[in-house]
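Chemist: Structure incoming, see below.
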Amino acid sequence: MSLVAEAFMNQLAAAEPWPENAALYQQLKEDQILLSDNAASLAVQAFLQMCNLPVRVVCRANAEYMSPSGKVPFIHVGNQVVSELGPIVQFVKAKGHSLSDGLDEVQKAEMKAYMELVNNMLLTAELYLQWCDDVTVEEITHPRYGSPYPWPLNRILSYQKQWEIRRKMKAIGWAGKSLEQVLEDVDQCCQALSQRLGTQPYFFNKQPTELDALVFGHLFTILTTQLITDELSEKVKNYGNLTAFCRRIEQQYFEGHDKDGSAAASARSAKRSLLR
Amino acid sequence: MGTVHARSLEPLPASGPDFGALGEEAELVEVEPEAKQEILENKDVVVQHVHFDGLGRTRDDIIMYEIADVFKAKNLIDVMRKSHEAREKLLRLGIFRQVEVLIDTCQGDDALPNGLDVTFEVTELRRLTGSYNTMVGNNEGSMVLGLKFPNLLGRAEKVTFQFSYGTKETSYGLSFFKPQPGNFERNFSVNLYKVTGQFPWSSLRETDRGISTEFNFPIWKTNHTLKWEGVWRELGCLARTASFSVREESGHSLKSSISHAMVIDSRNSSILPKRGALLKINQELAGYTGGDVSFLKEDFEFQLNKQLLWDSVFSASLWGGMLVPIGDKPSSIADRFYLGGPTSVRGFSMYSIGPQSDGDYLGGEAYWAGGLHLYTPLPFRPGRGGFGDLFRTHFFLNAGNLCNLNYGDGPKAHLQKLAEYIRWSYGAGIVLRLGNIARLELNYCFPMGVQSGDRICDGVQFGAGIRFL
């Protein structure tokens, strides 16, 4: 379809109201999904909850390949398929729902900067830990990533993904980093977030924004995912206001819903509870 | 044909040919050649030696099998015929570029008076040959580059590497072939391949990487093939606008299947046959040797040809197939059947019949298709005896149906479902024969029985391929 036609279709879609049967697709919760994908999916779920838009979570083993950009999660709304938090925020804005309308230009720029920080630091650190730390790769990532597939396909696919991620790490200069350096970066990122959050309930005072959803997604997943060591979650636990922030959002937006929609259930299955 | 030399069996008398000495034989026939023929046929001979000139890396034992019959010949005509058959068999092995046969009387101390020596002069193929071809498939064309190692270990084994770049497909493959010595029709081969295909009618892209081993063997008049295949299939959407049903099929799967095929072919040619019949039955069972796709697939192809008066041929064909998924996983779009197009039910667009979603055709689990054709030479027979013989005019009636069956119901319900919503078409056109492998068709079609969702191509439709309904 040409660009003009696609823009026209998007305009038409924007005019339609949010349907009842909107679905969010991610990998299988119990056995397959990895830390970074779970964080991304949780961020989108939190965002949609904050906008008060109902969505049901559908788990498919091939969610990563179904996605138009190759990344999870993606939402299927009416006839449209949109993947990743950024485009989803734009899509939802076109339908008239937005969390960041109340912010002025300076604040919007600040929000974008912090979101970039999370994506460049936290997300990359998660990917590094999953795919470049040999112990984690052998014991957690390879078995989980290939679990829906029969031998030898499970091995082939996880090795293929590992090469891809390692190439990306080399390109951004993280290949030479050691685990300690990565954890240091995580600590610095958490420090920056903690300072910005301060004692406020949300990053931009009274109202949650997409930044809150993104930070919640990553931090909550880090805190509740059982890895080989606890070093990653300890870094986050050092900042009390961040853990309180995660608990607050979990209580406000995820508890009180049935198990399928609950972030707690999705992150908690086979993982530790936040409250320990 | 190669050359066969023969010398007379008896030395000519010193004073020149003396037909008087032949006695009564000379009076029986008036024409000289016939007299010679009589002598040759009646003379008993014994093949004492068979020589081979030009063997390099070829092993002796496989040659022995092919020429064993030559020793059994009893008279000269028999020797000539058996040598010719042996020559054909040697050429069929695919290891010689040229085979020439020399028949001579036996010389030497142990020579019998009616002893013969047969000498095969052969030239072996080089160790490595390259080739460049163009290929025509079903409505697609491609360039094929090949590298071949014929007769690798001396017993007609062959290793081939092929790279093909086409309008719809890019592929490469490595294959190893070994016939059974003495029994060329029995052979086995191992293939490794990677094939990518694009299917715009389903907005689907498919990449297959696989390995297969197959055994071919003839039983009486039929040819059987037993094959195990392991394929890693990767499906993806061809465009961002692919329907969600096709998007849901994206991803990776592993198919490990064993299949059996039987072919009986009594036609005189595979393209535009004049007489004979073809029956092909194929079954495939996937899932019991690994992989995550599990099904049983059956399909058959039947064709009957009969020559009528004035050089016209009447042909009837019937195709059908069924896919039964085993277990609770639904069937994959890559395994289902498709129908429609210039090589299948004419008058409809390529594979554009049957279940679809947003314009993407998903294929079906059961189908049947039939065709009745009348081929006649071109009106007024232009270019007769030459170029004009490659063309035929062609009147056809095609019909078919493709659907998904609910396997819980009985066979009666299945037949009923296949019989409702039949698509059919009729028309006429011109067929051009390309060698012995492919044909081109230009038809004017009238599609009928069109259901909502089918895409038709009424009017002029062009088709090229090797397998037509």
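Scheme for the structure tokens: letters A, B, ... for chains in order shown; per-chain residue numbers from 1; ligand numbers from 1 in order shown.
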Pick out the chain A residues within 7 Å of chain B. Count only C-alpha atoms. Give them as a ChimeraX atom specification.
Modeler: /A:62,65-66,68,150,153
Chemist: Since we have the selection now, will you write its residues out, keeping N, CA, C and O atoms, as a JSON list (two decimals), in the first residue's frame?
Modeler:
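Listing of result_36.json after writing:
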```json
[["chain", "number", "residue", "atom", "x", "y", "z"],
["A", 62, "ASN", "N", 4.25, -17.73, 18.73],
["A", 62, "ASN", "CA", 4.88, -17.04, 17.60],
["A", 62, "ASN", "C", 4.61, -15.54, 17.60],
["A", 62, "ASN", "O", 4.68, -14.90, 16.56],
["A", 65, "TYR", "N", 7.06, -13.27, 15.83],
["A", 65, "TYR", "CA", 7.08, -13.30, 14.38],
["A", 65, "TYR", "C", 5.81, -12.73, 13.79],
["A", 65, "TYR", "O", 5.78, -12.31, 12.64],
["A", 66, "MET", "N", 4.74, -12.72, 14.59],
["A", 66, "MET", "CA", 3.50, -12.14, 14.10],
["A", 66, "MET", "C", 3.61, -10.62, 14.04],
["A", 66, "MET", "O", 2.96, -9.97, 13.23],
["A", 68, "PRO", "N", 4.46, -6.88, 13.33],
["A", 68, "PRO", "CA", 4.95, -6.25, 12.10],
["A", 68, "PRO", "C", 6.37, -5.72, 12.22],
["A", 68, "PRO", "O", 7.08, -5.65, 11.23],
["A", 150, "PRO", "N", 10.24, -27.95, 18.80],
["A", 150, "PRO", "CA", 10.89, -29.25, 18.96],
["A", 150, "PRO", "C", 12.37, -29.15, 18.63],
["A", 150, "PRO", "O", 12.81, -28.21, 17.96],
["A", 153, "LEU", "N", 14.93, -27.37, 16.33],
["A", 153, "LEU", "CA", 14.55, -26.01, 16.04],
["A", 153, "LEU", "C", 14.75, -25.10, 17.24],
["A", 153, "LEU", "O", 15.11, -23.92, 17.08]]
```
Chemist: I'd like the neighbourhood of range 124-139 of chain B as a PyMOL selection string, where a residue qualifies if any of its atoms comes within 6 Å (using only C-alpha atoms), though same-chain residues fewer than 2 positions away should be ignored.
Modeler: chain B and resi 95-97+141-149+463-465
Chemist: Restricted to N, CA and C atoms, what would the selected residues look like written as a PDB file, in the first residue's frame?
Modeler:
```
ATOM      1  N   ILE B  95      27.139 -41.511 -16.964  1.00  0.00           N
ATOM      2  CA  ILE B  95      28.557 -41.370 -16.664  1.00  0.00           C
ATOM      3  C   ILE B  95      29.412 -41.283 -17.921  1.00  0.00           C
ATOM      4  N   PHE B  96      28.821 -41.538 -19.077  1.00  0.00           N
ATOM      5  CA  PHE B  96      29.581 -41.501 -20.312  1.00  0.00           C
ATOM      6  C   PHE B  96      29.038 -40.408 -21.205  1.00  0.00           C
ATOM      7  N   ARG B  97      29.971 -39.735 -21.904  1.00  0.00           N
ATOM      8  CA  ARG B  97      29.497 -38.752 -22.860  1.00  0.00           C
ATOM      9  C   ARG B  97      29.122 -39.446 -24.163  1.00  0.00           C
ATOM     10  N   GLY B 141       9.292 -18.495 -14.150  1.00  0.00           N
ATOM     11  CA  GLY B 141      10.481 -18.879 -14.887  1.00  0.00           C
ATOM     12  C   GLY B 141      11.679 -18.673 -14.002  1.00  0.00           C
ATOM     13  N   SER B 142      12.756 -19.373 -14.291  1.00  0.00           N
ATOM     14  CA  SER B 142      13.934 -19.169 -13.461  1.00  0.00           C
ATOM     15  C   SER B 142      15.195 -19.529 -14.223  1.00  0.00           C
ATOM     16  N   MET B 143      16.318 -18.968 -13.709  1.00  0.00           N
ATOM     17  CA  MET B 143      17.639 -19.306 -14.238  1.00  0.00           C
ATOM     18  C   MET B 143      18.243 -20.314 -13.288  1.00  0.00           C
ATOM     19  N   VAL B 144      18.842 -21.339 -13.823  1.00  0.00           N
ATOM     20  CA  VAL B 144      19.415 -22.373 -12.978  1.00  0.00           C
ATOM     21  C   VAL B 144      20.889 -22.534 -13.306  1.00  0.00           C
ATOM     22  N   LEU B 145      21.724 -22.421 -12.278  1.00  0.00           N
ATOM     23  CA  LEU B 145      23.143 -22.676 -12.468  1.00  0.00           C
ATOM     24  C   LEU B 145      23.451 -23.985 -11.763  1.00  0.00           C
ATOM     25  N   GLY B 146      24.165 -24.854 -12.427  1.00  0.00           N
ATOM     26  CA  GLY B 146      24.400 -26.139 -11.795  1.00  0.00           C
ATOM     27  C   GLY B 146      25.849 -26.559 -11.860  1.00  0.00           C
ATOM     28  N   LEU B 147      26.254 -27.319 -10.860  1.00  0.00           N
ATOM     29  CA  LEU B 147      27.580 -27.927 -10.846  1.00  0.00           C
ATOM     30  C   LEU B 147      27.361 -29.402 -10.600  1.00  0.00           C
ATOM     31  N   LYS B 148      27.995 -30.232 -11.387  1.00  0.00           N
ATOM     32  CA  LYS B 148      27.722 -31.653 -11.224  1.00  0.00           C
ATOM     33  C   LYS B 148      29.024 -32.425 -11.148  1.00  0.00           C
ATOM     34  N   PHE B 149      29.079 -33.393 -10.235  1.00  0.00           N
ATOM     35  CA  PHE B 149      30.198 -34.320 -10.191  1.00  0.00           C
ATOM     36  C   PHE B 149      29.655 -35.685 -10.587  1.00  0.00           C
ATOM     37  N   GLY B 463      -0.938 -19.101 -19.641  1.00  0.00           N
ATOM     38  CA  GLY B 463      -0.378 -19.997 -18.645  1.00  0.00           C
ATOM     39  C   GLY B 463       0.839 -20.718 -19.182  1.00  0.00           C
ATOM     40  N   ALA B 464       1.805 -20.963 -18.313  1.00  0.00           N
ATOM     41  CA  ALA B 464       2.987 -21.735 -18.697  1.00  0.00           C
ATOM     42  C   ALA B 464       3.261 -22.718 -17.584  1.00  0.00           C
ATOM     43  N   GLY B 465       3.639 -23.914 -17.939  1.00  0.00           N
ATOM     44  CA  GLY B 465       3.912 -24.848 -16.859  1.00  0.00           C
ATOM     45  C   GLY B 465       4.169 -26.235 -17.365  1.00  0.00           C
TER      46      GLY B 465
END
```
Chemist: For the structure I just gave you, how does DSSP split range 330-393 of chain B - specifically, which residues are strand (DSSP E)? Reply as a list of chain:residue names.
Modeler: B:Gln356, B:Ser357, B:Asp360, B:Tyr361, B:Ala366, B:Tyr367, B:Trp368, B:Ala369, B:Gly370, B:Gly371, B:Leu372, B:His373, B:Leu374, B:Tyr375, B:Thr376, B:Phe391, B:Arg392, B:Thr393
Chemist: Using only C-alpha atoms, please write the residues we just selected to a file, as a PDB file, in the first residue's frame.
Modeler:
```pdb
ATOM      1  CA  GLN B 356     -10.077 -16.444   2.062  1.00  0.00           C
ATOM      2  CA  SER B 357      -9.739 -13.594   4.531  1.00  0.00           C
ATOM      3  CA  ASP B 360      -5.714 -13.469   1.116  1.00  0.00           C
ATOM      4  CA  TYR B 361      -6.401 -17.046   0.100  1.00  0.00           C
ATOM      5  CA  ALA B 366      -9.891 -30.958   0.698  1.00  0.00           C
ATOM      6  CA  TYR B 367     -10.302 -30.399  -3.000  1.00  0.00           C
ATOM      7  CA  TRP B 368     -11.165 -32.003  -6.259  1.00  0.00           C
ATOM      8  CA  ALA B 369     -10.726 -30.741  -9.804  1.00  0.00           C
ATOM      9  CA  GLY B 370     -11.552 -32.237 -13.160  1.00  0.00           C
ATOM     10  CA  GLY B 371     -11.058 -31.317 -16.768  1.00  0.00           C
ATOM     11  CA  LEU B 372     -12.243 -32.464 -20.185  1.00  0.00           C
ATOM     12  CA  HIS B 373     -10.180 -31.392 -23.169  1.00  0.00           C
ATOM     13  CA  LEU B 374     -10.274 -31.738 -26.882  1.00  0.00           C
ATOM     14  CA  TYR B 375      -7.013 -31.035 -28.671  1.00  0.00           C
ATOM     15  CA  THR B 376      -7.053 -30.550 -32.409  1.00  0.00           C
ATOM     16  CA  PHE B 391       0.721 -25.918 -31.701  1.00  0.00           C
ATOM     17  CA  ARG B 392      -2.674 -27.315 -30.902  1.00  0.00           C
ATOM     18  CA  THR B 393      -6.070 -25.744 -30.509  1.00  0.00           C
TER      19      THR B 393
END
```
Chemist: Enumerate as JSON, numbers by chain all residues of range 135-265 of chain A assigned to alpha helix (DSSP H) by DSSP on the backbone, naming them with the chain letters and numbers the document uses.
Modeler: {"A": [135, 136, 142, 143, 144, 145, 153, 154, 155, 156, 157, 158, 159, 160, 161, 162, 163, 164, 165, 166, 167, 168, 169, 170, 171, 172, 179, 180, 181, 182, 183, 184, 185, 186, 187, 188, 189, 190, 191, 192, 193, 194, 195, 196, 197, 210, 211, 212, 213, 214, 215, 216, 217, 218, 219, 220, 221, 222, 223, 224, 231, 232, 233, 234, 235, 236, 237, 240, 241, 242, 243, 244, 245, 246, 247, 248, 249, 263, 264, 265]}
Chemist: Please list as an mmCIF file with C-alpha atoms, in the first residue's frame every residue within 12 Å of Gly176 in chain A, counting only C-alpha atoms and excluding residues in the same chain fewer than 4 positions away.
Modeler:
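Output file part17.cif is given in full below:
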```cif
data_model
loop_
_atom_site.group_PDB
_atom_site.id
_atom_site.type_symbol
_atom_site.label_atom_id
_atom_site.label_comp_id
_atom_site.auth_asym_id
_atom_site.auth_seq_id
_atom_site.Cartn_x
_atom_site.Cartn_y
_atom_site.Cartn_z
ATOM 1 C CA TYR A 128 22.777 -7.818 27.990
ATOM 2 C CA CYS A 132 25.463 -11.922 26.816
ATOM 3 C CA ASP A 133 25.925 -13.343 30.312
ATOM 4 C CA ARG A 166 25.261 -9.812 20.371
ATOM 5 C CA ARG A 167 25.769 -8.093 17.026
ATOM 6 C CA MET A 169 25.497 -5.030 21.461
ATOM 7 C CA LYS A 170 28.716 -4.790 19.511
ATOM 8 C CA ALA A 171 27.251 -2.024 17.384
ATOM 9 C CA ILE A 172 26.292 0.097 20.391
ATOM 10 C CA GLU A 180 29.678 -5.194 36.902
ATOM 11 C CA GLN A 181 29.786 -2.259 34.519
ATOM 12 C CA VAL A 182 26.301 -3.054 33.288
#
```
